[in-house]
Structure formats: structure tokens, C-alpha cells
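Right, one structure below, let's go through it.
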Amino acid sequence: MKPSALRFLVCPACHGELDLRADRRDAEVSEGILACRQCRRAYPVIRGVPRFVAERTYASSFGDQWNWFRKVQLDSWSGTRESETTLEATTGWRDADYVGRLVLDAGVGAGRFAEVVARKGGEVVGIDLTTAADAAYANIGRLDKVHVVQADIFAMPFRERTFDLAYSIGVLHHTPDPRAAFDRVAAAVKKGGGFAVYVYARYGSAHRVADVVRRLTTRLPRRLMLALSAVAIPLYYVYRVRGLGEALRLFFAISMHPNWRWRWLDTFDWYTPRYQWKFLYPEVFGWFRANGFLDVEVFDGPIRMRGVKTS
Ligand SMILES: [Zn+2]
């Protein structure tokens, strides 16, 4: 972690100021302790990441996922602009919107979007509940203006109204209470700041079969699911046969991403998380309005929305 993170990090329990004791450091503090001045709780810095989460959680599949597929979705590794394009499709923000801004990535995963934000000149704080924080730190943690923190979206180590911009892409629907998670991130945004989300949509009926299949797959051992998900790699060619593919997809959905690693990752990502809620546009619109976001826009590729906090 960078000592400069003390500008915005506070105790998640009482929002008191934190003191940093560095046991190992170069440009970054790799091992140390963050101690709350107010309630005296202490939080460790381990392998460069401040840890505000103790044990394995409901989202542990993502810890495995992002360490196993650490680099697949990074634009700098894939040589594409797919993460940049997805970020733009969800937020509508332009390059100039990031420059000099403090940006929260709620559910950073392996850091695919945070990498883009940092490249565009934003100072980005990526939080993740799981050991995905280790993958993100290994990928981008030492870049200038990147901070990676292992923290719970329901108990974030930030004061209210800290961030100029916040986004949460493909994350809230994997929490036990997406509406409450939305409220927490929204509270961390400054007045006049922006918040953008992508959550799964409940439109259509294809997801109903997947929900039944997931009752089994979410209970299977993680490494078995890693092996089973690999069936998407060759199955892709069968699913591309006109007519046959559409029919098969109704019963067993796989990622149809042209990159085989990405296809494997996305299929694993669909069948393993414990929670996978789905929403309609009016529901998410209501969340924005209830949190004081009056200027709300919707984008294609449900459900993608952003708002500007006006109160
Ligand atoms: Zn405290």
C-alpha cells in the first residue's frame, strides 16, 4: 500500500483516523499495521494490501477465480481494448472525467477496469472482499495512483462523500443484499459526483434454467467447477452451429467469448458465485433516486446506468 492512502482510509468500524506502522517497505508498505486512534482496532497490511476483512466469505469463488485467471481480462495483457470499452459502455465517462479525480472501484476483481482508470489519469481505489485483492495488487497495485484494499462493501474503510466517481461493474448482484450494497457505495460519493453500475438483468427467460443448474454447481468443489467450465472451450464451436446453438444454450449456457481463456473464465463466473441476483431497469432507477441521484442515464446492454449525486 501507499502511505498516501491514509488521506482517505479510515477505520471501517468507527471511521476514526488510522496510524500506519510499516514493518517492511520500499516505495510501498508491504507489511505493517493500521491502528485506529479512536477504537484501537488494528488491521494488518499483508503482501502490500491493507486487510479489513478477516475470514473467507460468501464471495470466495471470486478469490479463486481472479487468482486462477489473473491476467485474462487486462487490456495490457490481452492487447485489446475490451475492458476500456466495457467501462465506457457502463459509465459514459470520457477520458477527461477521470483526470485528477479520486475514483472508487467497488469490486475490483483482478483490476481490469482500475487499470484503465489509472491510465486515463484517475487516482483509483479498488476494493474487493476476497483474495482477488491479491490478484489486483500483483497486476496493478504498484502503479502510480492505484490503491488496492481488501474490504467489505457493507463496511468500507472510507468516510461518506469521499469519492468524485464510483463504479461497480458486475459486482452488486453477487452480494447478499444488492440494494444495501448500492446504498453504501452511493454514500461514499461526493455531492456532484458520479456513480455507475452494471448488474444482471431479469429480462427474458433464459436465466431461469441457469438458476436451476446453479443450485448444483454452486455446491460443487471449486476445482471441479474449474475443470467442468473448461467444456465451454470446445463447446463454443458446436454452439456456433445455427439453430443447434440457440437450442443448446437454453439448457446449458456458456460464454461465447471468442477468446478461449475468457470463455472459460466467464463460464466459471456464471456457475460458481453463491449469489446471483437479477434486476429490471425501474428497480435500479429507484435505487439511484432514493440516494439523491437526480440526473440518471441508462445505457444499452442491461443493466447499465449512471447518475449524478445532487444532494
Ligand atoms: Zn475505529
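Starting from 1 in every chain, residues are counted up; chains themselves are A, B, ... following the order of the C-alpha cells, and ligands are numbered from 1 as listed.
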
Neighbours of ligand 1 at 10 Å or closer, counting only C-alpha atoms and all ligand atoms: which residues, as number ranges by chain? A: 10-18, 35-43, 157

Could you turn the residues from that selection into a file that holds all heavy atoms, as a compact mmCIF listing (two decimals), in the first residue's frame?
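Result saved to out_16.txt:
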# COMPACT_ATOMS: atom_id res chain seq x y z
N VAL A 10 -10.06 5.14 6.56
CA VAL A 10 -10.41 5.29 7.98
C VAL A 10 -10.81 3.93 8.53
O VAL A 10 -10.97 2.96 7.78
CB VAL A 10 -11.59 6.29 8.19
CG1 VAL A 10 -11.18 7.70 7.79
CG2 VAL A 10 -12.83 5.84 7.45
N CYS A 11 -10.99 3.86 9.82
CA CYS A 11 -11.42 2.63 10.46
C CYS A 11 -12.85 2.29 9.99
O CYS A 11 -13.75 3.12 10.10
CB CYS A 11 -11.42 2.82 11.98
SG CYS A 11 -12.16 1.47 12.90
N PRO A 12 -13.06 1.08 9.45
CA PRO A 12 -14.41 0.75 8.97
C PRO A 12 -15.43 0.63 10.10
O PRO A 12 -16.63 0.79 9.88
CB PRO A 12 -14.22 -0.59 8.26
CG PRO A 12 -12.94 -1.15 8.78
CD PRO A 12 -12.09 0.01 9.17
N ALA A 13 -14.94 0.39 11.32
CA ALA A 13 -15.87 0.20 12.44
C ALA A 13 -16.37 1.53 13.00
O ALA A 13 -17.55 1.68 13.29
CB ALA A 13 -15.18 -0.61 13.55
N CYS A 14 -15.46 2.52 13.15
CA CYS A 14 -15.87 3.77 13.81
C CYS A 14 -15.53 5.02 13.01
O CYS A 14 -15.82 6.13 13.43
CB CYS A 14 -15.21 3.86 15.20
SG CYS A 14 -13.46 4.29 15.13
N HIS A 15 -14.90 4.84 11.83
CA HIS A 15 -14.49 5.95 10.96
C HIS A 15 -13.44 6.85 11.61
O HIS A 15 -13.29 8.03 11.23
CB HIS A 15 -15.70 6.77 10.47
CG HIS A 15 -16.46 6.07 9.38
ND1 HIS A 15 -17.43 6.67 8.62
CD2 HIS A 15 -16.38 4.80 8.93
CE1 HIS A 15 -17.91 5.80 7.74
NE2 HIS A 15 -17.31 4.66 7.93
N GLY A 16 -12.72 6.30 12.61
CA GLY A 16 -11.61 7.05 13.21
C GLY A 16 -10.40 7.06 12.28
O GLY A 16 -10.30 6.26 11.35
N GLU A 17 -9.47 7.99 12.55
CA GLU A 17 -8.23 8.08 11.77
C GLU A 17 -7.36 6.85 12.04
O GLU A 17 -7.39 6.28 13.13
CB GLU A 17 -7.44 9.32 12.19
CG GLU A 17 -8.17 10.62 12.02
CD GLU A 17 -7.94 11.25 10.64
OE1 GLU A 17 -7.02 10.80 9.93
OE2 GLU A 17 -8.70 12.16 10.29
N LEU A 18 -6.58 6.47 11.04
CA LEU A 18 -5.69 5.31 11.18
C LEU A 18 -4.24 5.77 11.22
O LEU A 18 -3.86 6.69 10.50
CB LEU A 18 -5.89 4.35 9.99
CG LEU A 18 -7.27 3.72 9.86
CD1 LEU A 18 -7.40 3.00 8.52
CD2 LEU A 18 -7.54 2.72 11.00
N ALA A 35 -3.62 1.09 12.73
CA ALA A 35 -4.27 1.11 14.05
C ALA A 35 -5.21 2.31 14.14
O ALA A 35 -4.84 3.43 13.78
CB ALA A 35 -3.21 1.18 15.15
N CYS A 36 -6.42 2.04 14.64
CA CYS A 36 -7.41 3.11 14.79
C CYS A 36 -7.10 3.93 16.04
O CYS A 36 -6.96 3.37 17.13
CB CYS A 36 -8.81 2.51 14.87
SG CYS A 36 -10.08 3.76 15.16
N ARG A 37 -7.01 5.24 15.87
CA ARG A 37 -6.75 6.12 17.01
C ARG A 37 -7.92 6.15 17.98
O ARG A 37 -7.75 6.41 19.16
CB ARG A 37 -6.55 7.56 16.52
CG ARG A 37 -5.20 7.79 15.90
CD ARG A 37 -5.06 9.23 15.45
NE ARG A 37 -4.02 9.33 14.43
CZ ARG A 37 -3.79 10.41 13.71
NH1 ARG A 37 -4.52 11.49 13.88
NH2 ARG A 37 -2.84 10.41 12.81
N GLN A 38 -9.10 5.89 17.46
CA GLN A 38 -10.31 6.08 18.26
C GLN A 38 -10.72 4.81 19.01
O GLN A 38 -10.83 4.82 20.23
CB GLN A 38 -11.43 6.52 17.33
CG GLN A 38 -12.58 7.22 18.00
CD GLN A 38 -13.41 7.97 16.96
OE1 GLN A 38 -13.02 9.03 16.47
NE2 GLN A 38 -14.54 7.40 16.61
N CYS A 39 -10.93 3.68 18.26
CA CYS A 39 -11.43 2.47 18.92
C CYS A 39 -10.33 1.43 19.16
O CYS A 39 -10.58 0.37 19.71
CB CYS A 39 -12.58 1.85 18.12
SG CYS A 39 -12.07 0.99 16.61
N ARG A 40 -9.11 1.75 18.70
CA ARG A 40 -7.94 0.89 18.96
C ARG A 40 -7.94 -0.42 18.19
O ARG A 40 -7.09 -1.29 18.45
CB ARG A 40 -7.78 0.58 20.46
CG ARG A 40 -7.69 1.81 21.33
CD ARG A 40 -6.32 2.44 21.22
NE ARG A 40 -6.29 3.80 21.74
CZ ARG A 40 -5.29 4.65 21.53
NH1 ARG A 40 -4.27 4.28 20.80
NH2 ARG A 40 -5.33 5.86 22.03
N ARG A 41 -8.90 -0.62 17.30
CA ARG A 41 -8.84 -1.82 16.46
C ARG A 41 -7.61 -1.72 15.57
O ARG A 41 -7.16 -0.62 15.23
CB ARG A 41 -10.08 -1.94 15.57
CG ARG A 41 -11.31 -2.46 16.30
CD ARG A 41 -12.47 -2.62 15.31
NE ARG A 41 -13.65 -3.19 15.95
CZ ARG A 41 -14.55 -2.48 16.63
NH1 ARG A 41 -14.39 -1.18 16.78
NH2 ARG A 41 -15.60 -3.08 17.17
N ALA A 42 -7.07 -2.90 15.18
CA ALA A 42 -5.89 -2.92 14.31
C ALA A 42 -6.17 -3.77 13.08
O ALA A 42 -6.86 -4.79 13.16
CB ALA A 42 -4.69 -3.47 15.07
N TYR A 43 -5.67 -3.32 11.95
CA TYR A 43 -5.87 -4.02 10.68
C TYR A 43 -4.51 -4.24 10.04
O TYR A 43 -3.72 -3.30 9.93
CB TYR A 43 -6.76 -3.18 9.75
CG TYR A 43 -8.05 -2.74 10.41
CD1 TYR A 43 -8.15 -1.50 11.04
CD2 TYR A 43 -9.16 -3.58 10.41
CE1 TYR A 43 -9.33 -1.10 11.65
CE2 TYR A 43 -10.34 -3.19 11.03
CZ TYR A 43 -10.42 -1.95 11.65
OH TYR A 43 -11.58 -1.56 12.26
N PRO A 157 -13.82 1.15 4.46
CA PRO A 157 -12.95 2.00 5.28
C PRO A 157 -12.82 3.42 4.73
O PRO A 157 -11.72 3.94 4.58
CB PRO A 157 -11.62 1.25 5.23
CG PRO A 157 -11.62 0.60 3.88
CD PRO A 157 -13.05 0.25 3.58

Might you pull out every residue within 12 Å of Glu297 in chain A, with only C-alpha atoms counted and same-chain residues fewer than 2 positions away left off, and present them as a ChimeraX atom specification? /A:89-93,194-197,281-282,284-285,288-289,293-295,299-300,303-308

For Val149 in chain A, which of A:Gly204, A:Gly107, A:Gly301, A:Gly122 is the closest residue, counting only C-alpha atoms?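 Once distances to Val149 in chain A are computed over only C-alpha atoms, the minimum belongs to A:Gly107.
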
Any chance you could tabulate, as a Markdown table, the residues of range 116-198 of chain A at most 12 Å from range 56-66 of chain A with each one's nearest atom pair and distance in Å to one decimal, using only C-alpha atoms, in chain and rising number order?
| residue | atom | partner | partner_atom | distance |
| --- | --- | --- | --- | --- |
| A:Asp128 | CA | A:Gly63 | CA | 9.0 |
| A:Leu129 | CA | A:Ala59 | CA | 7.2 |
| A:Thr130 | CA | A:Gly63 | CA | 5.0 |
| A:Thr131 | CA | A:Gly63 | CA | 4.5 |
| A:Ala132 | CA | A:Gly63 | CA | 4.4 |
| A:Ala133 | CA | A:Gly63 | CA | 7.8 |
| A:Asp134 | CA | A:Gly63 | CA | 8.5 |
| A:Ala135 | CA | A:Trp66 | CA | 6.2 |
| A:Ala136 | CA | A:Trp66 | CA | 8.2 |
| A:Tyr137 | CA | A:Trp66 | CA | 11.3 |
| A:Ala138 | CA | A:Trp66 | CA | 11.0 |
| A:Asn139 | CA | A:Trp66 | CA | 10.7 |
| A:Gln150 | CA | A:Gly63 | CA | 11.0 |
| A:Ala151 | CA | A:Thr57 | CA | 11.3 |
| A:Asp152 | CA | A:Thr57 | CA | 9.7 |
| A:Ile153 | CA | A:Ala59 | CA | 11.6 |
| A:Gly170 | CA | A:Phe62 | CA | 11.7 |
| A:Val171 | CA | A:Ala59 | CA | 10.1 |
| A:Leu172 | CA | A:Ala59 | CA | 11.2 |
| A:His173 | CA | A:Ala59 | CA | 11.1 |
| A:His174 | CA | A:Ala59 | CA | 7.4 |
| A:Thr175 | CA | A:Ala59 | CA | 7.6 |
| A:Pro176 | CA | A:Tyr58 | CA | 8.2 |
| A:Asp177 | CA | A:Tyr58 | CA | 11.8 |

Would you mind listing what lies within 12 Å of Val213 in chain A as a CSV table (one decimal) with N, CA and C atoms, in the first residue's frame, with only C-alpha atoms counted and same-chain residues fewer than 4 positions away left out?
chain,number,residue,atom,x,y,z
A,206,ALA,N,-34.2,-17.0,-20.3
A,206,ALA,CA,-33.0,-17.9,-20.4
A,206,ALA,C,-32.4,-18.2,-19.0
A,207,HIS,N,-32.4,-17.1,-18.1
A,207,HIS,CA,-31.7,-17.3,-16.9
A,207,HIS,C,-32.4,-18.3,-15.9
A,208,ARG,N,-33.7,-18.6,-16.2
A,208,ARG,CA,-34.4,-19.5,-15.3
A,208,ARG,C,-33.8,-20.9,-15.2
A,209,VAL,N,-33.4,-21.4,-16.4
A,209,VAL,CA,-32.7,-22.7,-16.5
A,209,VAL,C,-31.4,-22.6,-15.8
A,217,THR,N,-24.3,-26.4,-9.2
A,217,THR,CA,-22.9,-26.0,-9.5
A,217,THR,C,-22.3,-25.2,-8.4
A,218,THR,N,-23.1,-24.4,-7.7
A,218,THR,CA,-22.6,-23.6,-6.6
A,218,THR,C,-22.2,-24.4,-5.4
A,219,ARG,N,-22.6,-25.7,-5.4
A,219,ARG,CA,-22.2,-26.5,-4.3
A,219,ARG,C,-21.1,-27.5,-4.6
A,220,LEU,N,-20.7,-27.5,-5.8
A,220,LEU,CA,-19.6,-28.4,-6.2
A,220,LEU,C,-18.2,-27.9,-5.8
A,250,LEU,N,-30.3,-22.7,-24.3
A,250,LEU,CA,-31.4,-22.7,-23.4
A,250,LEU,C,-31.2,-23.6,-22.2
A,251,PHE,N,-30.6,-24.7,-22.4
A,251,PHE,CA,-30.4,-25.7,-21.4
A,251,PHE,C,-29.1,-25.5,-20.6
A,252,PHE,N,-28.0,-25.2,-21.4
A,252,PHE,CA,-26.8,-25.0,-20.7
A,252,PHE,C,-26.0,-23.9,-21.3
A,253,ALA,N,-26.1,-22.7,-20.7
A,253,ALA,CA,-25.5,-21.5,-21.2
A,253,ALA,C,-24.0,-21.6,-20.9
A,254,ILE,N,-23.2,-21.2,-22.0
A,254,ILE,CA,-21.8,-21.0,-21.8
A,254,ILE,C,-21.4,-19.6,-22.3
A,270,TRP,N,-20.2,-17.7,-14.2
A,270,TRP,CA,-21.6,-17.7,-14.3
A,270,TRP,C,-22.2,-18.8,-13.3
A,271,TYR,N,-21.4,-19.9,-13.1
A,271,TYR,CA,-22.0,-21.0,-12.4
A,271,TYR,C,-21.5,-21.2,-11.0
A,272,THR,N,-20.5,-20.4,-10.5
A,272,THR,CA,-20.0,-20.6,-9.2
A,272,THR,C,-20.4,-19.6,-8.1

I'd like the neighbourhood of Arg101 in chain A as a ChimeraX atom specification, where a residue qualifies if any of its atoms comes within 10 Å (using only C-alpha atoms), though same-chain residues fewer than 3 positions away should be ignored. /A:96-98,104,117,121-124,163-165,193

Write the selection just made, keeping N, CA, C and O atoms, as a PDB file, in the first residue's frame?
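Final output, result-v8.pdb:
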ATOM      1  N   ALA A  96     -11.404  12.787 -19.999  1.00  0.00           N
ATOM      2  CA  ALA A  96     -11.190  13.992 -19.182  1.00  0.00           C
ATOM      3  C   ALA A  96     -11.897  13.891 -17.834  1.00  0.00           C
ATOM      4  O   ALA A  96     -11.489  14.550 -16.865  1.00  0.00           O
ATOM      5  N   ASP A  97     -12.946  13.066 -17.758  1.00  0.00           N
ATOM      6  CA  ASP A  97     -13.694  12.943 -16.499  1.00  0.00           C
ATOM      7  C   ASP A  97     -12.849  12.308 -15.382  1.00  0.00           C
ATOM      8  O   ASP A  97     -13.163  12.468 -14.208  1.00  0.00           O
ATOM      9  N   TYR A  98     -11.813  11.553 -15.756  1.00  0.00           N
ATOM     10  CA  TYR A  98     -11.025  10.832 -14.750  1.00  0.00           C
ATOM     11  C   TYR A  98      -9.835  11.640 -14.226  1.00  0.00           C
ATOM     12  O   TYR A  98      -9.334  11.365 -13.128  1.00  0.00           O
ATOM     13  N   LEU A 104     -13.600   5.341  -6.978  1.00  0.00           N
ATOM     14  CA  LEU A 104     -13.765   4.072  -6.262  1.00  0.00           C
ATOM     15  C   LEU A 104     -14.203   2.976  -7.224  1.00  0.00           C
ATOM     16  O   LEU A 104     -15.186   3.128  -7.948  1.00  0.00           O
ATOM     17  N   VAL A 117      -8.672   3.141 -15.641  1.00  0.00           N
ATOM     18  CA  VAL A 117      -8.869   4.438 -14.971  1.00  0.00           C
ATOM     19  C   VAL A 117      -7.517   5.089 -14.663  1.00  0.00           C
ATOM     20  O   VAL A 117      -7.324   6.293 -14.888  1.00  0.00           O
ATOM     21  N   GLY A 121      -5.589   8.742 -16.017  1.00  0.00           N
ATOM     22  CA  GLY A 121      -5.210   9.858 -15.149  1.00  0.00           C
ATOM     23  C   GLY A 121      -6.016   9.982 -13.871  1.00  0.00           C
ATOM     24  O   GLY A 121      -5.884  10.966 -13.147  1.00  0.00           O
ATOM     25  N   GLY A 122      -6.858   8.978 -13.567  1.00  0.00           N
ATOM     26  CA  GLY A 122      -7.596   8.990 -12.311  1.00  0.00           C
ATOM     27  C   GLY A 122      -6.779   8.336 -11.204  1.00  0.00           C
ATOM     28  O   GLY A 122      -5.917   7.502 -11.480  1.00  0.00           O
ATOM     29  N   GLU A 123      -7.039   8.730  -9.952  1.00  0.00           N
ATOM     30  CA  GLU A 123      -6.456   8.024  -8.811  1.00  0.00           C
ATOM     31  C   GLU A 123      -7.518   7.042  -8.350  1.00  0.00           C
ATOM     32  O   GLU A 123      -8.608   7.453  -7.911  1.00  0.00           O
ATOM     33  N   VAL A 124      -7.256   5.750  -8.476  1.00  0.00           N
ATOM     34  CA  VAL A 124      -8.311   4.765  -8.291  1.00  0.00           C
ATOM     35  C   VAL A 124      -8.057   3.913  -7.050  1.00  0.00           C
ATOM     36  O   VAL A 124      -6.930   3.502  -6.780  1.00  0.00           O
ATOM     37  N   PHE A 163     -15.498  10.174  -2.606  1.00  0.00           N
ATOM     38  CA  PHE A 163     -15.059   9.946  -3.988  1.00  0.00           C
ATOM     39  C   PHE A 163     -15.755  10.862  -4.997  1.00  0.00           C
ATOM     40  O   PHE A 163     -16.947  11.140  -4.888  1.00  0.00           O
ATOM     41  N   ASP A 164     -14.963  11.282  -5.998  1.00  0.00           N
ATOM     42  CA  ASP A 164     -15.534  12.067  -7.100  1.00  0.00           C
ATOM     43  C   ASP A 164     -16.373  11.172  -8.014  1.00  0.00           C
ATOM     44  O   ASP A 164     -17.397  11.594  -8.535  1.00  0.00           O
ATOM     45  N   LEU A 165     -15.883   9.957  -8.208  1.00  0.00           N
ATOM     46  CA  LEU A 165     -16.581   8.993  -9.061  1.00  0.00           C
ATOM     47  C   LEU A 165     -16.524   7.628  -8.399  1.00  0.00           C
ATOM     48  O   LEU A 165     -15.564   7.305  -7.698  1.00  0.00           O
ATOM     49  N   GLY A 193     -20.815  14.242  -7.533  1.00  0.00           N
ATOM     50  CA  GLY A 193     -20.039  13.139  -8.092  1.00  0.00           C
ATOM     51  C   GLY A 193     -20.907  12.159  -8.863  1.00  0.00           C
ATOM     52  O   GLY A 193     -22.137  12.221  -8.822  1.00  0.00           O
TER      53      GLY A 193
END

For Ala155 in chain A, which of A:Ser168, A:Val99, A:Ala106, A:Glu115 is the closest residue, counting only C-alpha atoms?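 Of A:Ser168, A:Val99, A:Ala106, A:Glu115, the one nearest Ala155 in chain A is A:Ala106, counting only C-alpha atoms.
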
Among the residues A:Lys2, A:Arg261, A:Arg215, A:Arg159, the one that comes closest to Lys145 in chain A [using only C-alpha atoms]: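 Checking each of A:Lys2, A:Arg261, A:Arg215, A:Arg159 against Lys145 in chain A, counting only C-alpha atoms, the winner is A:Lys2.
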
How would you write, as a list of chain:residue names, the set of residues in range 5-92 of chain A that DSSP gives as helix (DSSP H, G or I)? A:Ala5, A:Leu6, A:Arg7, A:Ser60, A:Ser61, A:Phe62, A:Gly63, A:Asp64, A:Gln65, A:Trp66, A:Asn67, A:Trp68, A:Asp75, A:Ser76, A:Trp77, A:Ser78, A:Glu82, A:Ser83, A:Glu84, A:Thr85, A:Thr86, A:Leu87, A:Glu88, A:Ala89, A:Thr90, A:Thr91

Go ahead and save the picked residues with N, CA and C atoms, as a CSV table (one decimal), in the first residue's frame.
chain,number,residue,atom,x,y,z
A,5,ALA,N,-2.4,6.6,1.0
A,5,ALA,CA,-3.8,6.1,1.1
A,5,ALA,C,-4.4,6.5,2.5
A,6,LEU,N,-3.6,7.0,3.4
A,6,LEU,CA,-4.1,7.4,4.7
A,6,LEU,C,-4.9,8.7,4.6
A,7,ARG,N,-4.8,9.4,3.4
A,7,ARG,CA,-5.7,10.5,3.1
A,7,ARG,C,-7.2,10.2,3.2
A,60,SER,N,-16.1,-16.2,-1.9
A,60,SER,CA,-14.8,-16.8,-2.1
A,60,SER,C,-14.5,-17.3,-3.5
A,61,SER,N,-15.6,-17.7,-4.2
A,61,SER,CA,-15.3,-18.2,-5.6
A,61,SER,C,-14.6,-17.1,-6.4
A,62,PHE,N,-14.8,-15.8,-6.1
A,62,PHE,CA,-14.1,-14.8,-6.9
A,62,PHE,C,-12.6,-14.7,-6.5
A,63,GLY,N,-12.3,-15.0,-5.2
A,63,GLY,CA,-10.9,-15.1,-4.8
A,63,GLY,C,-10.2,-16.1,-5.7
A,64,ASP,N,-10.8,-17.3,-5.8
A,64,ASP,CA,-10.1,-18.3,-6.6
A,64,ASP,C,-10.1,-17.9,-8.1
A,65,GLN,N,-11.2,-17.4,-8.5
A,65,GLN,CA,-11.4,-17.1,-9.9
A,65,GLN,C,-10.3,-16.1,-10.4
A,66,TRP,N,-10.1,-15.0,-9.6
A,66,TRP,CA,-9.2,-13.9,-10.1
A,66,TRP,C,-7.8,-14.3,-9.8
A,67,ASN,N,-7.5,-15.3,-9.0
A,67,ASN,CA,-6.1,-15.7,-8.9
A,67,ASN,C,-5.8,-16.7,-10.0
A,68,TRP,N,-6.8,-17.5,-10.3
A,68,TRP,CA,-6.6,-18.5,-11.4
A,68,TRP,C,-6.5,-17.8,-12.8
A,75,ASP,N,-6.5,-5.3,-20.3
A,75,ASP,CA,-6.2,-4.8,-21.7
A,75,ASP,C,-4.7,-4.9,-21.9
A,76,SER,N,-3.9,-4.6,-20.9
A,76,SER,CA,-2.5,-4.6,-21.1
A,76,SER,C,-1.9,-6.0,-21.4
A,77,TRP,N,-2.7,-7.0,-21.1
A,77,TRP,CA,-2.3,-8.4,-21.4
A,77,TRP,C,-2.9,-8.9,-22.6
A,78,SER,N,-4.2,-8.6,-22.8
A,78,SER,CA,-4.9,-9.2,-24.0
A,78,SER,C,-4.6,-8.4,-25.3
A,82,GLU,N,-11.0,-4.2,-24.7
A,82,GLU,CA,-12.3,-4.7,-24.3
A,82,GLU,C,-12.7,-4.2,-22.9
A,83,SER,N,-11.8,-4.1,-22.0
A,83,SER,CA,-12.1,-3.6,-20.6
A,83,SER,C,-12.4,-2.1,-20.7
A,84,GLU,N,-11.7,-1.4,-21.5
A,84,GLU,CA,-11.9,0.0,-21.7
A,84,GLU,C,-13.3,0.3,-22.3
A,85,THR,N,-13.6,-0.5,-23.3
A,85,THR,CA,-14.9,-0.4,-23.9
A,85,THR,C,-16.1,-0.7,-23.0
A,86,THR,N,-15.9,-1.7,-22.2
A,86,THR,CA,-16.9,-2.1,-21.2
A,86,THR,C,-17.1,-1.0,-20.2
A,87,LEU,N,-16.0,-0.4,-19.7
A,87,LEU,CA,-16.0,0.6,-18.7
A,87,LEU,C,-16.8,1.8,-19.3
A,88,GLU,N,-16.5,2.2,-20.5
A,88,GLU,CA,-17.1,3.3,-21.2
A,88,GLU,C,-18.6,3.1,-21.4
A,89,ALA,N,-19.0,1.8,-21.8
A,89,ALA,CA,-20.4,1.5,-22.1
A,89,ALA,C,-21.2,1.5,-20.8
A,90,THR,N,-20.6,1.4,-19.6
A,90,THR,CA,-21.3,1.3,-18.4
A,90,THR,C,-21.4,2.7,-17.7
A,91,THR,N,-20.3,3.5,-17.9
A,91,THR,CA,-20.2,4.8,-17.2
A,91,THR,C,-20.6,6.0,-18.1

Using only C-alpha atoms, which of A:Glu246, A:Arg47, A:Leu20, A:Asp269 sits nearest Leu34 in chain A?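 Distance minimum relative to Leu34 in chain A lands on A:Leu20.
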
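Note that CA of Ala247 in chain A and CA of Leu280 in chain A are 25.1 Å apart.
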
Picked from range 102-296 of chain A by DSSP as strand (DSSP E or B), as number ranges by chain: A: 102-106, 123-128, 146-150, 152, 155, 163-169, 189-198, 201, 279, 293-296

Long-range neighbours of Ala232 in chain A as a PyMOL selection string, 7 Å cut-off, only C-alpha atoms, 5 positions minimum in chain: chain A and resi 254-255+263-264+267

Let's have the selection written as a PDB file, in the first residue's frame, with C-alpha atoms.
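To be explicit, this is the file written out as result22.pdb:
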ATOM      1  CA  ILE A 254     -21.797 -20.994 -21.789  1.00  0.00           C
ATOM      2  CA  SER A 255     -19.789 -17.904 -22.537  1.00  0.00           C
ATOM      3  CA  ARG A 263     -14.760 -18.099 -22.363  1.00  0.00           C
ATOM      4  CA  TRP A 264     -13.547 -20.494 -19.674  1.00  0.00           C
ATOM      5  CA  THR A 267     -18.453 -19.735 -17.779  1.00  0.00           C
TER       6      THR A 267
END

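Across A:Leu74, A:Leu224, A:Ala22, A:Ala188, the tightest approach to Leu102 in chain A is made by A:Ala188 when counting only C-alpha atoms.
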